[in-house]
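Structure below is coords_35.txt: compact mmCIF, C-alpha atoms.
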```
# COMPACT_ATOMS: atom_id res chain seq x y z
CA MET E 138 136.29 -24.20 140.20
CA THR E 139 136.41 -20.41 140.15
CA SER E 140 134.51 -18.45 142.74
CA PRO E 141 131.75 -16.15 141.48
CA LYS E 142 132.50 -12.46 141.25
CA THR E 143 130.99 -10.24 143.87
CA LEU E 144 129.52 -6.88 143.03
CA ALA E 145 131.66 -3.78 143.31
CA VAL E 146 131.17 -2.04 146.66
CA SER E 147 129.81 1.21 145.21
CA PRO E 148 130.61 2.12 141.58
CA VAL E 149 128.83 5.48 141.72
CA HIS E 150 130.79 6.64 144.76
CA GLY E 151 133.96 5.30 143.19
CA ARG E 152 133.44 7.21 139.94
CA LEU E 153 132.68 10.42 141.80
CA ALA E 154 135.81 9.96 143.90
CA VAL E 155 137.96 9.39 140.80
CA PHE E 156 136.43 12.45 139.11
CA GLY E 157 137.16 14.68 142.12
CA MET E 158 140.73 13.42 142.35
CA ALA E 159 141.29 13.86 138.61
CA VAL E 160 140.07 17.46 138.72
CA ALA E 161 142.34 18.19 141.70
CA VAL E 162 145.36 16.72 139.90
CA ALA E 163 144.58 18.67 136.71
CA ILE E 164 144.33 21.94 138.64
CA SER E 165 147.53 21.16 140.54
CA ILE E 166 149.43 20.58 137.29
CA ASP E 167 148.01 23.81 135.86
CA LEU E 168 149.12 25.79 138.92
CA HIS E 169 152.62 24.34 138.76
CA LEU E 170 153.01 25.14 135.08
CA ARG E 171 151.48 28.61 135.05
CA LEU E 172 153.07 29.83 138.29
CA SER E 173 156.47 28.18 137.96
CA SER E 174 158.22 31.56 137.96
CA GLN E 175 156.34 32.83 141.03
CA VAL E 176 156.10 29.87 143.43
CA SER E 177 159.05 27.56 144.00
CA PRO E 178 158.01 23.88 144.07
CA ILE E 179 161.12 23.18 146.12
CA TRP E 180 160.85 25.75 148.90
CA GLN E 181 157.27 27.02 148.91
CA THR E 182 154.17 25.07 149.91
CA LEU E 183 151.13 24.37 147.77
CA SER E 184 149.08 26.77 149.89
CA GLU E 185 151.25 29.67 148.72
CA TYR E 186 149.79 29.43 145.23
CA VAL E 187 146.95 31.62 146.53
CA TYR E 188 149.35 34.57 146.31
CA GLY E 189 150.39 33.87 142.73
CA TYR E 190 149.01 35.88 139.80
CA LEU E 191 147.61 34.18 136.71
CA SER E 192 147.28 37.58 135.05
CA PRO E 193 147.49 41.22 136.22
CA GLY E 194 144.87 41.65 138.92
CA SER E 195 143.84 37.97 138.91
CA THR E 196 145.20 35.79 141.72
CA ALA E 197 145.32 31.99 141.72
CA ALA E 198 143.41 31.82 145.02
CA PRO E 199 140.10 30.67 143.42
CA LEU E 200 141.91 27.98 141.45
CA PHE E 201 143.70 26.70 144.54
CA GLY E 202 140.38 26.69 146.40
CA ALA E 203 138.79 24.73 143.56
CA MET E 204 141.58 22.15 143.78
CA CYS E 205 141.00 21.62 147.50
CA LEU E 206 137.23 21.48 147.06
CA ALA E 207 137.49 18.94 144.22
CA LEU E 208 139.71 16.69 146.31
CA GLY E 209 137.45 17.22 149.33
CA PHE E 210 134.28 16.24 147.47
CA GLY E 211 136.06 13.31 145.85
CA SER E 212 137.17 12.14 149.28
CA LEU E 213 133.63 12.64 150.56
CA ALA E 214 132.41 10.29 147.80
CA LEU E 215 135.01 7.75 148.96
CA LEU E 216 133.71 8.13 152.51
CA GLY E 217 130.19 7.45 151.25
CA GLY E 218 131.38 4.35 149.41
CA ILE E 219 133.06 2.97 152.51
CA ALA E 220 129.94 3.70 154.55
CA LYS E 221 127.90 1.77 151.98
CA ALA E 222 130.04 -1.31 152.62
CA HIS E 223 128.23 -1.60 155.99
CA ARG E 224 131.19 -3.21 157.74
CA LYS E 225 131.28 -3.32 161.52
CA GLY E 226 133.92 -1.10 163.02
CA TYR E 227 134.12 1.32 160.10
CA GLU E 228 132.83 4.17 162.27
CA SER E 229 136.34 5.28 163.26
CA VAL E 230 137.45 5.12 159.61
CA LEU E 231 134.53 7.33 158.58
CA ALA E 232 135.28 9.80 161.39
CA LEU E 233 138.94 10.08 160.35
CA LEU E 234 138.03 10.50 156.69
CA GLY E 235 135.55 13.15 157.80
CA VAL E 236 138.41 15.05 159.44
CA TRP E 237 140.41 14.75 156.20
CA CYS E 238 137.50 16.12 154.15
CA ALA E 239 136.77 18.93 156.61
CA GLY E 240 140.44 19.89 156.61
CA LEU E 241 140.43 20.18 152.80
CA PHE E 242 137.35 22.38 152.89
CA VAL E 243 139.02 24.67 155.45
CA LEU E 244 142.16 24.87 153.28
CA ALA E 245 139.98 25.91 150.36
CA LEU E 246 138.32 28.74 152.30
CA VAL E 247 140.99 29.98 154.73
CA PRO E 248 144.29 31.18 153.19
CA VAL E 249 147.74 30.59 154.61
CA ASP E 250 149.68 33.60 155.88
CA PRO E 251 151.88 35.31 153.26
CA GLU E 252 155.54 34.37 153.52
CA GLY E 253 157.44 36.59 155.93
CA GLN E 254 154.37 38.13 157.57
CA ALA E 255 153.21 37.77 161.18
CA ARG E 256 151.04 34.78 162.04
CA SER E 257 147.32 35.55 161.96
CA LEU E 258 144.37 33.64 163.38
CA ALA E 259 143.26 32.65 159.87
CA GLY E 260 146.75 31.44 159.05
CA GLN E 261 146.87 29.35 162.23
CA ILE E 262 143.48 27.81 161.40
CA HIS E 263 144.81 26.95 157.95
CA ASN E 264 147.94 25.31 159.37
CA TYR E 265 146.11 23.28 162.03
CA ALA E 266 143.48 22.16 159.51
CA ALA E 267 146.24 20.97 157.18
CA LEU E 268 147.99 19.09 159.99
CA ALA E 269 144.76 17.43 161.14
CA ALA E 270 143.85 16.43 157.59
CA PHE E 271 147.22 14.99 156.67
CA LEU E 272 147.37 12.98 159.90
CA ALA E 273 143.78 11.76 159.65
CA LEU E 274 144.06 10.24 156.16
CA PRO E 275 146.86 7.71 156.85
CA ALA E 276 145.30 6.97 160.25
CA ALA E 277 142.01 6.13 158.50
CA ASP E 278 143.83 3.79 156.12
CA TRP E 279 145.62 2.05 158.97
CA VAL E 280 142.37 1.40 160.80
CA LEU E 281 140.60 0.38 157.57
CA THR E 282 143.08 -2.44 156.95
CA ARG E 283 143.17 -4.04 160.40
CA ARG E 284 143.57 -7.82 160.13
CA SER E 285 140.59 -8.49 162.38
CA ARG E 286 138.15 -7.55 159.60
CA ALA E 287 136.69 -10.59 157.85
CA ARG E 288 136.21 -10.36 154.06
CA CYS E 289 137.13 -6.70 154.00
CA PRO E 290 137.02 -5.34 150.40
CA TRP E 291 140.34 -3.59 151.09
CA GLU E 292 142.12 -6.69 152.42
CA PRO E 293 143.74 -7.64 149.04
CA ARG E 294 145.47 -4.24 149.04
CA ARG E 295 146.28 -4.20 152.74
CA THR E 296 150.08 -4.24 152.35
CA THR E 297 150.10 -1.49 149.70
CA ILE E 298 147.75 0.72 151.68
CA ARG E 299 149.75 0.33 154.88
CA ARG E 300 153.06 1.07 153.18
CA LEU E 301 151.59 4.21 151.66
CA ALA E 302 150.15 5.18 155.06
CA VAL E 303 153.60 4.86 156.65
CA ALA E 304 155.13 6.94 153.84
CA SER E 305 152.43 9.57 154.39
CA PHE E 306 153.09 9.70 158.14
CA ALA E 307 156.84 10.03 157.50
CA ALA E 308 156.32 12.91 155.05
CA VAL E 309 154.04 14.69 157.56
CA VAL E 310 156.71 14.40 160.25
CA ILE E 311 159.36 15.86 157.92
CA VAL E 312 157.13 18.74 156.81
CA LEU E 313 156.04 19.49 160.38
CA GLY E 314 159.64 19.38 161.58
CA GLY E 315 160.61 21.78 158.82
CA PHE E 316 157.85 24.21 159.81
CA VAL E 317 158.93 24.10 163.45
CA TRP E 318 162.57 24.64 162.50
CA THR E 319 161.68 27.61 160.30
CA MET E 320 159.54 29.15 163.06
CA LEU E 321 162.40 28.82 165.54
CA THR E 322 165.24 30.00 163.31
CA GLY E 323 163.51 32.23 160.76
CA PRO E 324 162.95 31.89 157.00
CA SER E 325 166.59 32.76 156.23
CA HIS E 326 167.71 29.53 157.96
CA GLN E 327 165.27 27.19 156.22
CA GLU E 328 167.09 23.89 155.81
CA VAL E 329 164.25 21.52 154.88
CA THR E 330 162.76 21.83 151.40
CA LEU E 331 159.19 22.15 152.64
CA GLY E 332 157.68 22.59 149.20
CA LEU E 333 159.31 19.45 147.81
CA PHE E 334 158.33 17.27 150.76
CA GLU E 335 154.79 18.66 150.83
CA ARG E 336 154.39 17.82 147.15
CA LEU E 337 155.74 14.35 147.87
CA LEU E 338 153.13 14.06 150.64
CA PHE E 339 150.42 15.24 148.22
CA ALA E 340 151.47 12.59 145.68
CA VAL E 341 151.55 9.82 148.29
CA ASP E 342 148.12 10.76 149.61
CA LEU E 343 146.64 10.85 146.10
CA THR E 344 148.05 7.38 145.48
CA LEU E 345 146.63 6.27 148.81
CA LEU E 346 143.18 7.59 147.92
CA ALA E 347 143.32 5.93 144.49
CA THR E 348 144.20 2.60 146.11
CA MET E 349 141.26 2.96 148.48
CA VAL E 350 138.88 3.78 145.63
CA ARG E 351 139.59 0.65 143.58
CA PRO E 352 137.40 -1.75 145.60
CA LEU E 353 134.48 0.63 145.11
CA LEU E 354 134.76 0.13 141.34
CA SER E 355 136.11 -3.34 140.69
CA HIS E 356 134.56 -6.78 141.03
CA ARG E 357 136.40 -9.30 143.16
```

Please re-express this file's structure in structure tokens.
Amino acid sequence: MTSPKTLAVSPVHGRLAVFGMAVAVAISIDLHLRLSSQVSPIWQTLSEYVYGYLSPGSTAAPLFGAMCLALGFGSLALLGGIAKAHRKGYESVLALLGVWCAGLFVLALVPVDPEGQARSLAGQIHNYAALAAFLALPAADWVLTRRSRARCPWEPRRTTIRRLAVASFAAVVIVLGGFVWTMLTGPSHQEVTLGLFERLLFAVDLTLLATMVRPLLSHR
């Protein structure tokens, strides 16, 4: 005897989350293609696209900001979907996802310092917001998939989510270590391909978000 299907957790939130993520990916691809000669995907971070030029006198800063905002609002929809699940103990998950969303909004509004220039307050805010966001997302996933939760909609994907969370943490550590090394030794001694690892981190986190969204859409 087959068990009856349960309703999806929150299809509307899920669709909004998917839309936001899709827009962010589309903009990211566009930035990579149009600015391939100006920003190295191996050595330069995603944030440095704000200093690229799409045409004479037109920077890519608004497009980069739109990418961060799209992903931020998509993640906010995911947060709303998880909140709608009404599961006990999700408060910490929602708080961590809130940090992730807030970090994305800060990245959209506060630019990174130009390469080779002195550190500014705005640049420091950008860097700390990025660090907080990229640590908060895998932490939220880890807490979301604790075994103590009975009939958790994310339980069937627990192993996948946790493996992606570990990969995300590892990429953050590598990127952070590369930043520290570059600050200590100078840009001329950059040994870690920050751009490549940050893009790997971006891909892992997008996959992580997509895995989290699925229970909002699908019947079980």

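Using all atoms listed in the file, the nearest neighbour of Ile219 (chain E) within the list E:Leu301, E:Leu333, E:Leu206, E:Leu281 is E:Leu281.
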
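You will find CA of Thr330 (chain E) at 10.0 Å from CA of Phe316 (chain E).
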
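Using only C-alpha atoms, the shortest contact distance between Arg299 (chain E) and any of E:Ala267, E:Leu272, E:Leu354, E:Leu345 is found at E:Leu345.
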
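Picture a line from CA of Ala163 (chain E) to CA of Arg295 (chain E); it runs 28.0 Å.
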
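Distance annotation: of E:Ser212, E:Asp250, E:Ile298, E:Ala266, the residue with the minimal separation from Thr182 (chain E) is E:Asp250; atom set is all atoms listed in the file.
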
task = For Leu168 (chain E), work out the shell of residues within 12 Å, counting all atoms listed in the file and skipping chain neighbours fewer than 5 positions away, then give it as a PyMOL selection string.
result = chain E and resi 161-163+173-178+183-191+196-204

Would you mind exporting C-alpha atoms of the selected residues as a CSV table (one decimal), keeping the file's coordinate frame?
```
chain,number,residue,atom,x,y,z
E,161,ALA,CA,142.3,18.2,141.7
E,162,VAL,CA,145.4,16.7,139.9
E,163,ALA,CA,144.6,18.7,136.7
E,173,SER,CA,156.5,28.2,138.0
E,174,SER,CA,158.2,31.6,138.0
E,175,GLN,CA,156.3,32.8,141.0
E,176,VAL,CA,156.1,29.9,143.4
E,177,SER,CA,159.0,27.6,144.0
E,178,PRO,CA,158.0,23.9,144.1
E,183,LEU,CA,151.1,24.4,147.8
E,184,SER,CA,149.1,26.8,149.9
E,185,GLU,CA,151.2,29.7,148.7
E,186,TYR,CA,149.8,29.4,145.2
E,187,VAL,CA,147.0,31.6,146.5
E,188,TYR,CA,149.4,34.6,146.3
E,189,GLY,CA,150.4,33.9,142.7
E,190,TYR,CA,149.0,35.9,139.8
E,191,LEU,CA,147.6,34.2,136.7
E,196,THR,CA,145.2,35.8,141.7
E,197,ALA,CA,145.3,32.0,141.7
E,198,ALA,CA,143.4,31.8,145.0
E,199,PRO,CA,140.1,30.7,143.4
E,200,LEU,CA,141.9,28.0,141.4
E,201,PHE,CA,143.7,26.7,144.5
E,202,GLY,CA,140.4,26.7,146.4
E,203,ALA,CA,138.8,24.7,143.6
E,204,MET,CA,141.6,22.2,143.8
```

Find the spatial neighbours of Val280 (chain E), counting only C-alpha atoms, within a cut-off of 12 Å - ignore same-chain residues fewer than 2 positions away - and output them as an mmCIF file with C-alpha atoms, keeping the file's coordinate frame.
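Contents of part_11.cif, freshly written:
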```cif
data_model
loop_
_atom_site.group_PDB
_atom_site.id
_atom_site.type_symbol
_atom_site.label_atom_id
_atom_site.label_comp_id
_atom_site.auth_asym_id
_atom_site.auth_seq_id
_atom_site.Cartn_x
_atom_site.Cartn_y
_atom_site.Cartn_z
ATOM 1 C CA GLY E 226 133.920 -1.100 163.020
ATOM 2 C CA TYR E 227 134.120 1.320 160.100
ATOM 3 C CA GLU E 228 132.830 4.170 162.270
ATOM 4 C CA SER E 229 136.340 5.280 163.260
ATOM 5 C CA VAL E 230 137.450 5.120 159.610
ATOM 6 C CA LEU E 231 134.530 7.330 158.580
ATOM 7 C CA ALA E 232 135.280 9.800 161.390
ATOM 8 C CA LEU E 233 138.940 10.080 160.350
ATOM 9 C CA LEU E 234 138.030 10.500 156.690
ATOM 10 C CA ALA E 273 143.780 11.760 159.650
ATOM 11 C CA LEU E 274 144.060 10.240 156.160
ATOM 12 C CA PRO E 275 146.860 7.710 156.850
ATOM 13 C CA ALA E 276 145.300 6.970 160.250
ATOM 14 C CA ALA E 277 142.010 6.130 158.500
ATOM 15 C CA ASP E 278 143.830 3.790 156.120
ATOM 16 C CA THR E 282 143.080 -2.440 156.950
ATOM 17 C CA ARG E 283 143.170 -4.040 160.400
ATOM 18 C CA ARG E 284 143.570 -7.820 160.130
ATOM 19 C CA SER E 285 140.590 -8.490 162.380
ATOM 20 C CA ARG E 286 138.150 -7.550 159.600
ATOM 21 C CA CYS E 289 137.130 -6.700 154.000
ATOM 22 C CA TRP E 291 140.340 -3.590 151.090
ATOM 23 C CA GLU E 292 142.120 -6.690 152.420
ATOM 24 C CA ARG E 295 146.280 -4.200 152.740
ATOM 25 C CA ILE E 298 147.750 0.720 151.680
ATOM 26 C CA ARG E 299 149.750 0.330 154.880
ATOM 27 C CA ALA E 302 150.150 5.180 155.060
#
```

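Near Leu208 (chain E), within 8 Å and counting all atoms listed in the file, sit Gly157, Met158, Val160, Ala161 and Leu241 of chain E, not including residues fewer than 5 positions from it in the same chain.
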
Please rebuild region 163-191 of chain E with N, CA and C atoms and return the result as an mmCIF file, in the coordinates of the input.
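Output contents, as saved in rebuild-v7.cif:
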```cif
data_model
loop_
_atom_site.group_PDB
_atom_site.id
_atom_site.type_symbol
_atom_site.label_atom_id
_atom_site.label_comp_id
_atom_site.auth_asym_id
_atom_site.auth_seq_id
_atom_site.Cartn_x
_atom_site.Cartn_y
_atom_site.Cartn_z
ATOM 1 N N ALA E 163 144.498 17.787 137.883
ATOM 2 C CA ALA E 163 144.580 18.670 136.710
ATOM 3 C C ALA E 163 144.831 20.118 137.128
ATOM 4 N N ILE E 164 144.132 20.572 138.164
ATOM 5 C CA ILE E 164 144.330 21.940 138.640
ATOM 6 C C ILE E 164 145.733 22.108 139.217
ATOM 7 N N SER E 165 146.184 21.102 139.953
ATOM 8 C CA SER E 165 147.530 21.160 140.540
ATOM 9 C C SER E 165 148.590 21.285 139.451
ATOM 10 N N ILE E 166 148.472 20.508 138.395
ATOM 11 C CA ILE E 166 149.430 20.580 137.290
ATOM 12 C C ILE E 166 149.381 21.970 136.640
ATOM 13 N N ASP E 167 148.173 22.483 136.458
ATOM 14 C CA ASP E 167 148.010 23.810 135.860
ATOM 15 C C ASP E 167 148.675 24.888 136.709
ATOM 16 N N LEU E 168 148.495 24.815 138.021
ATOM 17 C CA LEU E 168 149.120 25.790 138.920
ATOM 18 C C LEU E 168 150.639 25.714 138.844
ATOM 19 N N HIS E 169 151.160 24.499 138.821
ATOM 20 C CA HIS E 169 152.620 24.340 138.760
ATOM 21 C C HIS E 169 153.188 24.901 137.463
ATOM 22 N N LEU E 170 152.502 24.681 136.365
ATOM 23 C CA LEU E 170 153.010 25.140 135.080
ATOM 24 C C LEU E 170 152.884 26.651 134.914
ATOM 25 N N ARG E 171 151.736 27.192 135.294
ATOM 26 C CA ARG E 171 151.480 28.610 135.050
ATOM 27 C C ARG E 171 152.156 29.522 136.069
ATOM 28 N N LEU E 172 152.456 28.998 137.247
ATOM 29 C CA LEU E 172 153.070 29.830 138.290
ATOM 30 C C LEU E 172 154.489 29.382 138.632
ATOM 31 N N SER E 173 155.128 28.716 137.694
ATOM 32 C CA SER E 173 156.470 28.180 137.960
ATOM 33 C C SER E 173 157.493 29.264 138.266
ATOM 34 N N SER E 174 157.270 30.469 137.718
ATOM 35 C CA SER E 174 158.220 31.560 137.960
ATOM 36 C C SER E 174 157.911 32.342 139.231
ATOM 37 N N GLN E 175 156.749 32.068 139.848
ATOM 38 C CA GLN E 175 156.340 32.830 141.030
ATOM 39 C C GLN E 175 156.412 32.019 142.332
ATOM 40 N N VAL E 176 156.123 30.729 142.251
ATOM 41 C CA VAL E 176 156.100 29.870 143.430
ATOM 42 C C VAL E 176 157.076 28.721 143.230
ATOM 43 N N SER E 177 158.049 28.620 144.116
ATOM 44 C CA SER E 177 159.050 27.560 144.000
ATOM 45 C C SER E 177 158.479 26.228 144.477
ATOM 46 N N PRO E 178 158.487 25.186 143.633
ATOM 47 C CA PRO E 178 158.010 23.880 144.070
ATOM 48 C C PRO E 178 158.954 23.193 145.046
ATOM 49 N N ILE E 179 160.139 23.764 145.206
ATOM 50 C CA ILE E 179 161.120 23.180 146.120
ATOM 51 C C ILE E 179 160.974 23.767 147.522
ATOM 52 N N TRP E 180 160.827 25.080 147.612
ATOM 53 C CA TRP E 180 160.850 25.750 148.900
ATOM 54 C C TRP E 180 159.497 26.223 149.396
ATOM 55 N N GLN E 181 158.561 26.462 148.509
ATOM 56 C CA GLN E 181 157.270 27.020 148.910
ATOM 57 C C GLN E 181 156.167 25.961 148.866
ATOM 58 N N THR E 182 155.229 26.071 149.795
ATOM 59 C CA THR E 182 154.170 25.070 149.910
ATOM 60 C C THR E 182 153.081 25.278 148.861
ATOM 61 N N LEU E 183 152.256 24.277 148.704
ATOM 62 C CA LEU E 183 151.130 24.370 147.770
ATOM 63 C C LEU E 183 150.194 25.515 148.130
ATOM 64 N N SER E 184 150.009 25.729 149.428
ATOM 65 C CA SER E 184 149.080 26.770 149.890
ATOM 66 C C SER E 184 149.483 28.157 149.419
ATOM 67 N N GLU E 185 150.773 28.355 149.123
ATOM 68 C CA GLU E 185 151.250 29.670 148.720
ATOM 69 C C GLU E 185 150.902 30.033 147.284
ATOM 70 N N TYR E 186 150.277 29.098 146.569
ATOM 71 C CA TYR E 186 149.790 29.430 145.230
ATOM 72 C C TYR E 186 148.681 30.469 145.282
ATOM 73 N N VAL E 187 148.024 30.625 146.433
ATOM 74 C CA VAL E 187 146.950 31.620 146.530
ATOM 75 C C VAL E 187 147.469 33.039 146.309
ATOM 76 N N TYR E 188 148.780 33.244 146.483
ATOM 77 C CA TYR E 188 149.350 34.570 146.310
ATOM 78 C C TYR E 188 150.027 34.748 144.954
ATOM 79 N N GLY E 189 149.875 33.739 144.086
ATOM 80 C CA GLY E 189 150.390 33.870 142.730
ATOM 81 C C GLY E 189 149.387 34.591 141.844
ATOM 82 N N TYR E 190 149.870 35.143 140.729
ATOM 83 C CA TYR E 190 149.010 35.880 139.800
ATOM 84 C C TYR E 190 148.984 35.172 138.445
ATOM 85 N N LEU E 191 147.778 34.799 138.022
ATOM 86 C CA LEU E 191 147.610 34.180 136.710
ATOM 87 C C LEU E 191 147.654 35.228 135.608
#
```
